[in-house]
$ cat query-v6.csv   # CSV, C-alpha atoms
chain,number,residue,atom,x,y,z
A,14,MET,CA,-27.9,-18.5,2.3
A,15,ILE,CA,-24.3,-17.3,2.2
A,16,ASN,CA,-21.9,-20.1,1.6
A,17,LEU,CA,-18.1,-20.0,1.4
A,18,ASP,CA,-17.9,-22.4,-1.5
A,19,LYS,CA,-20.3,-20.2,-3.5
A,20,ILE,CA,-18.3,-17.1,-2.7
A,21,ILE,CA,-15.1,-18.7,-3.9
A,22,GLU,CA,-16.8,-20.0,-7.0
A,23,LYS,CA,-18.1,-16.4,-7.8
A,24,ALA,CA,-14.6,-15.0,-7.4
A,25,PHE,CA,-13.1,-17.6,-9.8
A,26,GLU,CA,-15.8,-16.8,-12.3
A,27,GLU,CA,-14.9,-13.1,-12.0
A,28,GLN,CA,-18.2,-12.1,-10.6
A,29,SER,CA,-18.5,-9.2,-8.1
A,30,LEU,CA,-19.1,-10.0,-4.4
A,31,ASN,CA,-21.7,-8.1,-2.5
A,32,GLN,CA,-21.4,-6.5,0.9
A,33,ALA,CA,-23.0,-9.4,2.8
A,34,GLU,CA,-20.6,-11.9,1.2
A,35,ILE,CA,-17.5,-9.8,2.1
A,36,LYS,CA,-18.7,-9.4,5.7
A,37,TYR,CA,-19.1,-13.2,5.8
A,38,LEU,CA,-15.5,-13.6,4.8
A,39,LEU,CA,-14.3,-11.1,7.3
A,40,SER,CA,-16.2,-12.7,10.1
A,41,LEU,CA,-14.9,-16.3,9.6
A,42,THR,CA,-13.7,-17.9,12.9
A,43,ASN,CA,-13.7,-21.5,11.9
A,44,SER,CA,-10.1,-22.6,11.3
A,45,ARG,CA,-11.0,-25.1,8.6
A,46,LYS,CA,-13.0,-22.5,6.7
A,47,GLN,CA,-10.2,-20.0,7.0
A,48,GLU,CA,-7.8,-22.6,5.6
A,49,LYS,CA,-10.1,-23.2,2.7
A,50,LEU,CA,-10.3,-19.5,2.1
A,51,PHE,CA,-6.6,-18.9,2.2
A,52,SER,CA,-6.1,-21.9,-0.1
A,53,ALA,CA,-8.6,-20.4,-2.6
A,54,THR,CA,-7.0,-16.9,-2.4
A,55,SER,CA,-3.5,-18.4,-3.1
A,56,GLN,CA,-5.0,-20.2,-6.1
A,57,LEU,CA,-6.6,-17.1,-7.4
A,58,ARG,CA,-3.4,-15.1,-7.0
A,59,HIS,CA,-1.6,-17.9,-9.0
A,60,LYS,CA,-4.3,-17.6,-11.7
A,61,TYR,CA,-3.3,-14.0,-12.4
A,62,PHE,CA,0.4,-13.9,-11.3
A,63,ASN,CA,1.6,-17.5,-11.3
A,64,ASN,CA,4.1,-17.8,-8.5
A,65,LYS,CA,5.7,-14.3,-8.9
A,66,ILE,CA,6.0,-11.9,-6.0
A,67,PHE,CA,6.9,-8.3,-6.4
A,68,ALA,CA,8.9,-6.1,-3.9
A,69,TYR,CA,9.0,-2.4,-3.3
A,70,GLY,CA,11.8,-0.2,-2.0
A,71,PHE,CA,10.6,2.3,0.6
A,72,VAL,CA,12.1,5.8,0.6
A,73,TYR,CA,10.5,7.9,3.3
A,74,PHE,CA,12.4,11.1,2.5
A,75,SER,CA,10.6,13.5,4.8
A,76,THR,CA,8.9,12.9,8.1
A,77,TYR,CA,7.6,16.5,8.5
A,78,CYS,CA,3.8,16.9,8.0
A,79,ARG,CA,1.3,19.7,8.1
A,80,ASN,CA,-1.5,17.3,9.1
A,81,ASN,CA,-2.5,16.2,12.6
A,82,CYS,CA,-4.0,12.7,11.9
A,83,ARG,CA,-4.9,11.0,15.1
A,84,PHE,CA,-3.2,7.7,14.2
A,85,CYS,CA,0.1,8.9,12.8
A,86,TYR,CA,3.5,9.0,14.5
A,87,TYR,CA,4.5,11.9,12.2
A,88,ARG,CA,1.5,14.1,13.0
A,89,TYR,CA,2.7,17.7,13.1
A,90,ASN,CA,2.3,18.3,16.8
A,91,ASN,CA,4.0,15.0,18.0
A,92,ALA,CA,7.1,16.2,19.8
A,93,LYS,CA,8.2,12.6,20.2
A,94,SER,CA,8.4,11.9,16.4
A,95,PRO,CA,11.9,11.8,14.8
A,96,ARG,CA,12.1,14.5,12.0
A,97,TYR,CA,14.3,14.6,9.0
A,98,ARG,CA,14.3,15.8,5.4
A,99,LYS,CA,16.6,13.9,3.0
A,100,ASP,CA,18.3,15.9,0.3
A,101,LEU,CA,18.6,14.7,-3.3
A,102,LYS,CA,22.0,13.2,-2.9
A,103,GLU,CA,20.8,11.1,0.1
A,104,ILE,CA,17.7,10.0,-1.8
A,105,LEU,CA,19.6,8.9,-4.8
A,106,GLN,CA,22.1,7.0,-2.6
A,107,VAL,CA,19.2,5.0,-1.0
A,108,CYS,CA,17.5,4.4,-4.4
A,109,ARG,CA,20.8,3.0,-5.9
A,110,ALA,CA,21.1,0.6,-2.9
A,111,LEU,CA,17.5,-0.5,-3.4
A,112,LYS,CA,17.9,-1.1,-7.1
A,113,ASN,CA,21.1,-3.0,-6.6
A,114,SER,CA,19.4,-5.2,-4.0
A,115,GLY,CA,16.7,-6.2,-6.5
A,116,VAL,CA,13.5,-4.2,-5.8
A,117,HIS,CA,11.0,-3.7,-8.6
A,118,LEU,CA,9.7,-0.3,-7.7
A,119,LEU,CA,10.8,2.8,-5.6
A,120,ASP,CA,8.1,4.0,-3.3
A,121,LEU,CA,9.0,7.7,-2.7
A,122,THR,CA,7.0,8.8,0.4
A,123,MET,CA,6.7,11.8,2.6
A,124,GLY,CA,4.2,13.4,5.0
A,125,GLU,CA,2.6,16.5,3.6
A,126,ASP,CA,5.8,18.4,4.4
A,127,PRO,CA,4.9,22.1,4.7
A,128,PHE,CA,8.2,23.1,3.2
A,129,TYR,CA,7.5,21.2,-0.1
A,130,TYR,CA,3.8,22.2,0.0
A,131,GLN,CA,4.6,25.9,-0.4
A,132,GLN,CA,3.6,26.5,-4.0
A,133,GLN,CA,7.1,27.7,-5.0
A,134,ASN,CA,8.7,24.5,-3.6
A,135,LEU,CA,6.4,21.9,-5.3
A,136,SER,CA,8.8,22.0,-8.3
A,137,ASN,CA,11.5,20.6,-6.0
A,138,LEU,CA,9.5,17.4,-5.7
A,139,LEU,CA,9.0,17.3,-9.5
A,140,GLU,CA,12.8,17.7,-10.0
A,141,MET,CA,13.5,15.0,-7.4
A,142,VAL,CA,11.2,12.4,-9.1
A,143,SER,CA,12.7,13.3,-12.5
A,144,ALA,CA,16.2,12.8,-11.2
A,145,VAL,CA,15.4,9.5,-9.5
A,146,LYS,CA,13.7,8.2,-12.7
A,147,GLU,CA,16.6,9.3,-15.0
A,148,GLU,CA,19.4,7.9,-12.8
A,149,ILE,CA,17.8,4.8,-11.3
A,150,ASN,CA,15.4,3.9,-14.1
A,151,LEU,CA,12.9,1.8,-12.1
A,152,PRO,CA,9.2,2.3,-11.8
A,153,ILE,CA,8.2,4.9,-9.3
A,154,MET,CA,5.4,5.4,-6.8
A,155,ALA,CA,4.7,8.9,-5.6
A,156,PHE,CA,3.1,9.0,-2.1
A,157,PHE,CA,3.0,12.7,-1.4
A,158,GLY,CA,-0.4,13.2,0.2
A,159,LEU,CA,-2.9,15.6,-1.2
A,160,TRP,CA,-1.0,16.7,-4.3
A,161,PRO,CA,-2.6,19.6,-6.2
A,162,GLU,CA,-4.8,18.2,-8.9
A,163,GLU,CA,-3.8,20.9,-11.4
A,164,MET,CA,-0.2,19.6,-11.1
A,165,LEU,CA,-0.9,15.9,-11.6
A,166,LYS,CA,0.1,16.1,-15.3
A,167,ASP,CA,3.4,17.7,-14.3
A,168,LEU,CA,4.0,14.9,-11.9
A,169,TYR,CA,3.1,12.2,-14.4
A,170,GLN,CA,5.5,13.7,-16.9
A,171,THR,CA,8.4,13.2,-14.5
A,172,GLY,CA,8.0,9.4,-15.2
A,173,ALA,CA,6.2,8.4,-12.1
A,174,ASP,CA,4.0,5.4,-12.6
A,175,TRP,CA,1.8,5.3,-9.5
A,176,TYR,CA,0.0,7.7,-7.3
A,177,ALA,CA,-0.8,6.4,-3.8
A,178,CYS,CA,-3.3,8.2,-1.5
A,179,TYR,CA,-4.9,6.3,1.3
A,180,GLN,CA,-8.3,7.1,2.7
A,181,GLU,CA,-7.6,4.9,5.8
A,182,THR,CA,-11.4,4.4,6.1
A,183,HIS,CA,-14.4,4.9,3.8
A,184,ASN,CA,-16.7,5.7,6.7
A,185,ARG,CA,-16.9,9.4,6.3
A,186,LYS,CA,-17.7,10.1,10.0
A,187,LEU,CA,-14.7,8.0,11.1
A,188,TYR,CA,-12.6,9.7,8.5
A,189,ARG,CA,-13.3,13.1,10.0
A,190,ARG,CA,-12.3,11.9,13.4
A,191,LEU,CA,-9.0,10.4,12.2
A,192,ARG,CA,-7.9,12.9,9.5
A,193,ILE,CA,-8.6,16.1,11.4
A,194,ASN,CA,-9.7,19.0,9.1
A,195,GLN,CA,-9.2,17.0,5.9
A,196,ASN,CA,-11.8,16.6,3.2
A,197,TYR,CA,-12.8,13.0,2.5
A,198,TYR,CA,-13.8,13.8,-1.1
A,199,SER,CA,-10.6,15.7,-1.9
A,200,ARG,CA,-8.5,12.5,-1.4
A,201,LEU,CA,-11.0,10.4,-3.2
A,202,SER,CA,-11.2,12.8,-6.1
A,203,LEU,CA,-7.4,13.0,-6.3
A,204,LYS,CA,-7.1,9.3,-6.9
A,205,GLN,CA,-9.7,9.5,-9.7
A,206,LYS,CA,-8.0,12.4,-11.3
A,207,ALA,CA,-4.6,10.7,-11.0
A,208,GLN,CA,-6.1,7.7,-12.8
A,209,GLN,CA,-7.5,9.8,-15.6
A,210,THR,CA,-4.0,11.4,-15.9
A,211,GLY,CA,-2.5,8.0,-16.6
A,212,PHE,CA,-1.3,6.9,-13.1
A,213,LEU,CA,-1.9,3.5,-11.7
A,214,ILE,CA,-3.5,4.2,-8.3
A,215,GLU,CA,-3.4,2.7,-4.8
A,216,ASP,CA,-5.8,3.0,-1.9
A,217,GLY,CA,-5.5,1.7,1.6
A,218,ILE,CA,-7.2,1.3,4.9
A,219,LEU,CA,-6.2,0.9,8.6
A,220,LEU,CA,-7.7,-1.8,10.8
A,221,GLY,CA,-8.4,-1.2,14.4
A,222,VAL,CA,-9.1,2.6,14.4
A,223,GLY,CA,-12.9,2.4,15.2
A,224,GLU,CA,-14.3,0.8,12.1
A,225,ASN,CA,-16.7,-2.2,12.1
A,226,LEU,CA,-17.2,-5.1,9.6
A,227,THR,CA,-19.6,-3.1,7.5
A,228,ASP,CA,-17.0,-0.3,7.2
A,229,ARG,CA,-14.3,-2.8,6.2
A,230,ALA,CA,-16.6,-4.4,3.6
A,231,ARG,CA,-17.5,-0.9,2.3
A,232,SER,CA,-13.8,-0.1,1.9
A,233,ILE,CA,-13.3,-3.2,-0.3
A,234,LEU,CA,-16.3,-2.3,-2.4
A,235,THR,CA,-15.1,1.3,-2.8
A,236,MET,CA,-11.7,0.1,-3.9
A,237,GLU,CA,-13.5,-2.1,-6.5
A,238,SER,CA,-15.6,0.8,-7.7
A,239,LEU,CA,-12.4,3.0,-8.0
A,240,LYS,CA,-10.8,0.3,-10.0
A,241,VAL,CA,-7.7,0.5,-8.0
A,242,ASP,CA,-4.5,-1.2,-9.3
A,243,GLN,CA,-3.3,-1.9,-5.8
A,244,GLY,CA,-5.4,-2.3,-2.6
A,245,ARG,CA,-3.8,-2.3,0.8
A,246,VAL,CA,-4.8,-3.1,4.4
A,247,MET,CA,-2.6,-2.5,7.4
A,248,SER,CA,-3.2,-3.2,11.1
A,249,PHE,CA,-3.1,-0.2,13.3
A,250,ILE,CA,0.0,0.0,15.6
A,251,PRO,CA,-0.4,2.5,18.5
A,252,GLN,CA,2.0,5.3,18.2
A,253,GLU,CA,3.7,7.1,21.1
A,254,GLY,CA,2.6,10.8,21.4
A,255,THR,CA,-0.6,10.4,19.5
A,256,PRO,CA,-4.3,10.5,20.7
A,257,LEU,CA,-4.6,6.7,19.9
A,258,GLU,CA,-1.4,5.6,21.7
A,259,LYS,CA,-3.3,3.6,24.3
A,260,ASN,CA,-5.5,1.8,21.7
A,261,LYS,CA,-4.9,-1.9,21.1
A,262,THR,CA,-3.7,-3.3,17.8
A,263,PRO,CA,-6.2,-5.7,16.2
A,264,LYS,CA,-5.7,-9.4,16.1
A,265,ARG,CA,-3.5,-10.2,13.0
A,266,ASN,CA,-6.0,-12.7,11.8
A,267,GLU,CA,-8.3,-9.8,11.0
A,268,GLU,CA,-5.7,-8.4,8.6
A,269,LEU,CA,-5.2,-11.8,7.0
A,270,LEU,CA,-9.0,-12.1,6.4
A,271,MET,CA,-9.0,-8.6,4.9
A,272,ILE,CA,-6.1,-9.6,2.5
A,273,ALA,CA,-8.1,-12.7,1.5
A,274,ALA,CA,-11.3,-10.7,1.0
A,275,LEU,CA,-9.4,-8.1,-1.1
A,276,ARG,CA,-8.1,-10.9,-3.3
A,277,LEU,CA,-11.5,-12.5,-3.9
A,278,ALA,CA,-13.2,-9.1,-4.5
A,279,LEU,CA,-10.5,-7.3,-6.5
A,280,LYS,CA,-9.2,-10.4,-8.3
A,281,ASN,CA,-6.2,-9.4,-10.4
A,282,VAL,CA,-4.9,-6.3,-8.5
A,283,LEU,CA,-1.7,-6.0,-6.5
A,284,ILE,CA,-2.2,-6.6,-2.8
A,285,PRO,CA,0.7,-5.8,-0.4
A,286,ALA,CA,2.1,-7.7,2.5
A,287,SER,CA,3.8,-4.9,4.5
A,288,LEU,CA,6.9,-5.4,6.6
A,289,ASP,CA,6.0,-2.3,8.5
A,290,VAL,CA,3.6,-4.0,11.0
A,291,ASP,CA,5.2,-7.3,12.1
A,292,GLY,CA,8.5,-7.2,10.2
A,293,ILE,CA,9.8,-10.3,8.3
A,294,LYS,CA,8.1,-12.7,10.7
A,295,GLY,CA,4.7,-11.7,9.6
A,296,LEU,CA,5.4,-12.0,5.9
A,297,LYS,CA,4.6,-15.7,5.2
A,298,ASP,CA,1.1,-15.5,6.7
A,299,ARG,CA,0.2,-12.5,4.6
A,300,LEU,CA,1.5,-14.2,1.4
A,301,GLN,CA,-0.5,-17.3,2.2
A,302,ALA,CA,-3.6,-15.1,2.6
A,303,GLY,CA,-3.3,-13.9,-1.0
A,304,ALA,CA,-0.9,-11.0,-1.0
A,305,ASN,CA,1.6,-10.7,-3.9
A,306,VAL,CA,3.7,-7.6,-3.1
A,307,VAL,CA,6.2,-7.2,-0.3
A,308,THR,CA,6.4,-3.5,0.7
A,309,SER,CA,8.5,-1.4,3.0
A,310,ILE,CA,11.8,-2.9,2.0
A,311,ILE,CA,14.3,-0.5,3.8
A,312,PRO,CA,18.1,-0.9,3.6
A,313,PRO,CA,20.0,-0.9,7.0
A,314,THR,CA,22.1,2.1,7.7
A,315,SER,CA,20.0,4.2,5.4
A,316,GLY,CA,18.7,6.5,8.2
A,317,LEU,CA,15.1,5.9,7.0
A,318,LYS,CA,12.2,5.3,9.2
A,319,GLY,CA,9.1,3.1,8.8
A,320,VAL,CA,5.5,4.2,9.2
A,321,SER,CA,3.8,1.9,11.7
A,322,ASN,CA,6.9,0.5,13.4
A,323,SER,CA,9.5,3.1,12.6
A,324,ARG,CA,12.6,0.9,13.5
A,325,LEU,CA,11.3,-2.7,13.2
A,326,ASP,CA,13.8,-5.1,11.6
A,327,ILE,CA,15.6,-2.3,9.7
A,328,GLU,CA,19.1,-2.2,11.3
A,329,GLU,CA,19.0,-6.0,11.7
A,330,GLY,CA,18.9,-6.2,7.9
A,331,ASN,CA,15.7,-8.2,7.8
A,332,ARG,CA,13.7,-5.7,5.7
A,333,THR,CA,15.8,-6.4,2.7
A,334,ILE,CA,15.4,-8.5,-0.5
A,335,ALA,CA,17.7,-11.1,1.1
A,336,GLY,CA,15.3,-11.4,4.1
A,337,VAL,CA,12.3,-11.8,1.7
A,338,LYS,CA,14.1,-14.5,-0.3
A,339,ASN,CA,14.7,-16.4,2.9
A,340,VAL,CA,11.0,-16.5,3.6
A,341,LEU,CA,10.1,-17.4,0.0
A,342,GLU,CA,12.4,-20.4,0.1
A,343,SER,CA,9.9,-22.1,2.4
A,344,THR,CA,7.0,-21.5,-0.1
A,345,ASP,CA,6.2,-22.3,-3.8
A,346,LEU,CA,6.6,-18.6,-4.5
A,347,GLU,CA,9.6,-16.7,-6.0
A,348,LEU,CA,10.7,-13.2,-6.5
A,349,ALA,CA,9.8,-11.8,-9.9
A,350,SER,CA,12.2,-9.9,-12.1
A,351,VAL,CA,12.1,-6.2,-12.8
A,352,SER,CA,11.0,-7.0,-16.4
A,353,ASP,CA,8.1,-9.0,-15.0
A,354,TYR,CA,7.0,-6.0,-13.0
A,355,VAL,CA,7.3,-3.6,-15.9
A,356,GLU,CA,5.4,-6.0,-18.1
A,357,TRP,CA,2.6,-6.1,-15.5
A,358,ILE,CA,2.4,-2.3,-15.4
A,359,THR,CA,2.3,-2.1,-19.2
A,360,ALA,CA,-0.4,-4.7,-19.5
A,361,ARG,CA,-2.4,-3.0,-16.7
A,362,ARG,CA,-2.3,0.3,-18.6
A,363,GLU,CA,-3.3,-1.4,-21.8
A,364,MET,CA,-6.3,-3.1,-20.0
A,365,ARG,CA,-7.3,0.3,-18.6
A,366,ASN,CA,-7.1,2.0,-22.0
A,367,ASP,CA,-9.1,-0.8,-23.6
A,368,SER,CA,-11.9,-0.5,-21.0
A,369,THR,CA,-11.9,3.3,-21.6
A,370,ARG,CA,-12.3,2.9,-25.3
A,371,GLU,CA,-15.2,0.5,-24.8
$ encode --input "query-v6.csv" --output "structure tokens"
Amino acid sequence: MINLDKIIEKAFEEQSLNQAEIKYLLSLTNSRKQEKLFSATSQLRHKYFNNKIFAYGFVYFSTYCRNNCRFCYYRYNNAKSPRYRKDLKEILQVCRALKNSGVHLLDLTMGEDPFYYQQQNLSNLLEMVSAVKEEINLPIMAFFGLWPEEMLKDLYQTGADWYACYQETHNRKLYRRLRINQNYYSRLSLKQKAQQTGFLIEDGILLGVGENLTDRARSILTMESLKVDQGRVMSFIPQEGTPLEKNKTPKRNEELLMIAALRLALKNVLIPASLDVDGIKGLKDRLQAGANVVTSIIPPTSGLKGVSNSRLDIEEGNRTIAGVKNVLESTDLELASVSDYVEWITARREMRNDSTRE
């Protein structure tokens, strides 16, 4: 019989959880059991990361995209979506502001911009990443969509540390409905090839887009099998001008249970608490569920947009390091230093290399 205490014990003993156990965690409705779960995930996070929390600067430098994903505000045929393409000068300006504010990593993000994805223009992205790395000298995450596998080495040589490429779901039928005319295995393979190239990798899923508990559990197990270095979950927010604009967003407790299940199943990986769903007011709950990374930090007046809630808390100045520190003051957590984050990256790579040699 499945028992919460036994699941928690397995996690602390670094044993893998099975699908039935993960589904049990995701289906918890008893408030006392949820509190016990979140207490355990906070302790497990402390085992690997002490009380340190990392924070990412978000630089969405192009909102053009060649894809027509049913959930995305920036799908190519959404006439209501704001479009912009930042030049290198603007990108560097935002990156400087983010570094000065105290972020640990720069998350360089775009849709699959058809301009850049012309073969002759891919080099522009390589030059941009190189320029950011050279001038700003912070760890970099590249979030460019379905980057050509044959150019992964070129991208890695720019100094980028991470490659992020979300499946959104690991139910292949649902994937086909969400990511129209996109190959499930191409994105999966890209993450594996990026990892082999030397990148740390991130995968992520959306909640509330037609999946069930089995699908959610399968996603966690798939992330475990991929040996992701960061595993993300975000609640779906209906987007104006998309086929899913009338869908409802899931109850936030479902996301908190997913964060907790990710922590118990994936153990020592990074798990984000995104500011892009509920803004700063939703941060504390996500941290208490076991997250240890604050993502989607965006400077006010930068002219950048978010992904799920494109304007939420940006101009008010709440999606900043200062806003995050205000939340952390009411917890036993504290913002890590850049050197803490760099040390974690180095240790993670060494662990990967050791496991490969074995």
$ atom_distance --input "query-v6.csv" --atom1 "CA of Met164 (chain A)" --atom2 "CA of Arg190 (chain A)"
28.4 Å
$ closest_atom_pairs --input "query-v6.csv" --of "region 255-349 of chain A" --to "region 51-59 of chain A" --cutoff "12 Å" --atoms "all atoms listed in the file" --output "tab-separated table"
residue	atom	partner	partner_atom	distance
A:Asn266	CA	A:Phe51	CA	11.4
A:Leu269	CA	A:Phe51	CA	8.7
A:Leu270	CA	A:Phe51	CA	8.3
A:Met271	CA	A:Phe51	CA	10.9
A:Ile272	CA	A:Thr54	CA	8.8
A:Ala273	CA	A:Thr54	CA	5.8
A:Ala274	CA	A:Thr54	CA	8.3
A:Leu275	CA	A:Thr54	CA	9.2
A:Arg276	CA	A:Thr54	CA	6.2
A:Leu277	CA	A:Thr54	CA	6.5
A:Ala278	CA	A:Thr54	CA	10.2
A:Leu279	CA	A:Arg58	CA	10.6
A:Lys280	CA	A:Leu57	CA	7.2
A:Asn281	CA	A:Arg58	CA	7.2
A:Val282	CA	A:Arg58	CA	9.1
A:Leu283	CA	A:Arg58	CA	9.3
A:Ile284	CA	A:Arg58	CA	9.6
A:Lys297	CA	A:Ser55	CA	11.9
A:Asp298	CA	A:Phe51	CA	9.5
A:Arg299	CA	A:Phe51	CA	9.6
A:Leu300	CA	A:Ser55	CA	7.9
A:Gln301	CA	A:Ser55	CA	6.2
A:Ala302	CA	A:Phe51	CA	4.9
A:Gly303	CA	A:Thr54	CA	5.0
A:Ala304	CA	A:Arg58	CA	7.7
A:Asn305	CA	A:Arg58	CA	7.3
A:Val306	CA	A:Arg58	CA	11.0
A:Thr344	CA	A:Ser55	CA	11.4
A:Asp345	CA	A:His59	CA	10.4
A:Leu346	CA	A:His59	CA	9.4
A:Glu347	CA	A:His59	CA	11.7
$ write_last_selection --input "query-v6.csv" --atoms "C-alpha atoms" --output "mmCIF file, in the coordinates of the input"
data_model
loop_
_atom_site.group_PDB
_atom_site.id
_atom_site.type_symbol
_atom_site.label_atom_id
_atom_site.label_comp_id
_atom_site.auth_asym_id
_atom_site.auth_seq_id
_atom_site.Cartn_x
_atom_site.Cartn_y
_atom_site.Cartn_z
ATOM 1 C CA ASN A 266 -6.000 -12.700 11.800
ATOM 2 C CA LEU A 269 -5.200 -11.800 7.000
ATOM 3 C CA LEU A 270 -9.000 -12.100 6.400
ATOM 4 C CA MET A 271 -9.000 -8.600 4.900
ATOM 5 C CA ILE A 272 -6.100 -9.600 2.500
ATOM 6 C CA ALA A 273 -8.100 -12.700 1.500
ATOM 7 C CA ALA A 274 -11.300 -10.700 1.000
ATOM 8 C CA LEU A 275 -9.400 -8.100 -1.100
ATOM 9 C CA ARG A 276 -8.100 -10.900 -3.300
ATOM 10 C CA LEU A 277 -11.500 -12.500 -3.900
ATOM 11 C CA ALA A 278 -13.200 -9.100 -4.500
ATOM 12 C CA LEU A 279 -10.500 -7.300 -6.500
ATOM 13 C CA LYS A 280 -9.200 -10.400 -8.300
ATOM 14 C CA ASN A 281 -6.200 -9.400 -10.400
ATOM 15 C CA VAL A 282 -4.900 -6.300 -8.500
ATOM 16 C CA LEU A 283 -1.700 -6.000 -6.500
ATOM 17 C CA ILE A 284 -2.200 -6.600 -2.800
ATOM 18 C CA LYS A 297 4.600 -15.700 5.200
ATOM 19 C CA ASP A 298 1.100 -15.500 6.700
ATOM 20 C CA ARG A 299 0.200 -12.500 4.600
ATOM 21 C CA LEU A 300 1.500 -14.200 1.400
ATOM 22 C CA GLN A 301 -0.500 -17.300 2.200
ATOM 23 C CA ALA A 302 -3.600 -15.100 2.600
ATOM 24 C CA GLY A 303 -3.300 -13.900 -1.000
ATOM 25 C CA ALA A 304 -0.900 -11.000 -1.000
ATOM 26 C CA ASN A 305 1.600 -10.700 -3.900
ATOM 27 C CA VAL A 306 3.700 -7.600 -3.100
ATOM 28 C CA THR A 344 7.000 -21.500 -0.100
ATOM 29 C CA ASP A 345 6.200 -22.300 -3.800
ATOM 30 C CA LEU A 346 6.600 -18.600 -4.500
ATOM 31 C CA GLU A 347 9.600 -16.700 -6.000
#
$ closest_residue --input "query-v6.csv" --among "A:Leu239, A:Leu159, A:Ala144, A:Ala286" --to "Asp126 (chain A)" --atoms "all atoms listed in the file"
A:Leu159
$ closest_residue --input "query-v6.csv" --among "A:Lys261, A:Arg189, A:Arg245, A:Arg88" --to "Asp216 (chain A)" --atoms "all atoms listed in the file"
A:Arg245
$ residues_around --input "query-v6.csv" --residues "Tyr37 (chain A)" --least-positions-apart "4" --cutoff "8 Å" --atoms "all atoms listed in the file" --output "PyMOL selection string"
chain A and resi 15+33+41
$ residues_around --input "query-v6.csv" --residues "Tyr130 (chain A)" --least-positions-apart "3" --cutoff "10 Å" --atoms "only C-alpha atoms" --output "PyMOL selection string"
chain A and resi 78-79+125-127+133-138+157-161
$ residues_around --input "query-v6.csv" --residues "Lys46 (chain A)" --least-positions-apart "6" --cutoff "10 Å" --atoms "all atoms listed in the file" --output "list in words"
Leu17, Asp18, Leu38 and Ser52 of chain A
$ atom_distance --input "query-v6.csv" --atom1 "CA of Lys19 (chain A)" --atom2 "CA of Val241 (chain A)"
24.6 Å
$ closest_residue --input "query-v6.csv" --among "A:Asn194, A:Thr210, A:Gln205, A:Asn16" --to "Asp174 (chain A)" --atoms "all atoms listed in the file"
A:Thr210
$ build_atoms --input "query-v6.csv" --residues "region 24-36 of chain A" --atoms "N, CA and C atoms" --output "PDB file, in the coordinates of the input"
ATOM      1  N   ALA A  24     -15.867 -15.732  -7.211  1.00  0.00           N
ATOM      2  CA  ALA A  24     -14.600 -15.000  -7.400  1.00  0.00           C
ATOM      3  C   ALA A  24     -13.847 -15.616  -8.616  1.00  0.00           C
ATOM      4  N   PHE A  25     -13.790 -16.936  -8.700  1.00  0.00           N
ATOM      5  CA  PHE A  25     -13.100 -17.600  -9.800  1.00  0.00           C
ATOM      6  C   PHE A  25     -13.791 -17.381 -11.138  1.00  0.00           C
ATOM      7  N   GLU A  26     -15.083 -17.145 -11.085  1.00  0.00           N
ATOM      8  CA  GLU A  26     -15.800 -16.800 -12.300  1.00  0.00           C
ATOM      9  C   GLU A  26     -15.839 -15.347 -12.601  1.00  0.00           C
ATOM     10  N   GLU A  27     -15.049 -14.586 -11.809  1.00  0.00           N
ATOM     11  CA  GLU A  27     -14.900 -13.100 -12.000  1.00  0.00           C
ATOM     12  C   GLU A  27     -16.163 -12.360 -11.814  1.00  0.00           C
ATOM     13  N   GLN A  28     -17.013 -12.851 -10.928  1.00  0.00           N
ATOM     14  CA  GLN A  28     -18.200 -12.100 -10.600  1.00  0.00           C
ATOM     15  C   GLN A  28     -17.910 -11.232  -9.347  1.00  0.00           C
ATOM     16  N   SER A  29     -18.641 -10.140  -9.227  1.00  0.00           N
ATOM     17  CA  SER A  29     -18.500  -9.200  -8.100  1.00  0.00           C
ATOM     18  C   SER A  29     -19.107  -9.844  -6.839  1.00  0.00           C
ATOM     19  N   LEU A  30     -18.482  -9.598  -5.692  1.00  0.00           N
ATOM     20  CA  LEU A  30     -19.100 -10.000  -4.400  1.00  0.00           C
ATOM     21  C   LEU A  30     -19.882  -8.861  -3.858  1.00  0.00           C
ATOM     22  N   ASN A  31     -20.914  -9.181  -3.091  1.00  0.00           N
ATOM     23  CA  ASN A  31     -21.700  -8.100  -2.500  1.00  0.00           C
ATOM     24  C   ASN A  31     -21.246  -7.909  -1.026  1.00  0.00           C
ATOM     25  N   GLN A  32     -21.814  -6.905  -0.394  1.00  0.00           N
ATOM     26  CA  GLN A  32     -21.400  -6.500   0.900  1.00  0.00           C
ATOM     27  C   GLN A  32     -21.585  -7.649   1.952  1.00  0.00           C
ATOM     28  N   ALA A  33     -22.701  -8.324   1.874  1.00  0.00           N
ATOM     29  CA  ALA A  33     -23.000  -9.400   2.800  1.00  0.00           C
ATOM     30  C   ALA A  33     -21.953 -10.539   2.674  1.00  0.00           C
ATOM     31  N   GLU A  34     -21.572 -10.836   1.449  1.00  0.00           N
ATOM     32  CA  GLU A  34     -20.600 -11.900   1.200  1.00  0.00           C
ATOM     33  C   GLU A  34     -19.213 -11.513   1.748  1.00  0.00           C
ATOM     34  N   ILE A  35     -18.844 -10.269   1.557  1.00  0.00           N
ATOM     35  CA  ILE A  35     -17.500  -9.800   2.100  1.00  0.00           C
ATOM     36  C   ILE A  35     -17.534  -9.815   3.582  1.00  0.00           C
ATOM     37  N   LYS A  36     -18.628  -9.369   4.205  1.00  0.00           N
ATOM     38  CA  LYS A  36     -18.700  -9.400   5.700  1.00  0.00           C
ATOM     39  C   LYS A  36     -18.618 -10.832   6.179  1.00  0.00           C
TER      40      LYS A  36
END
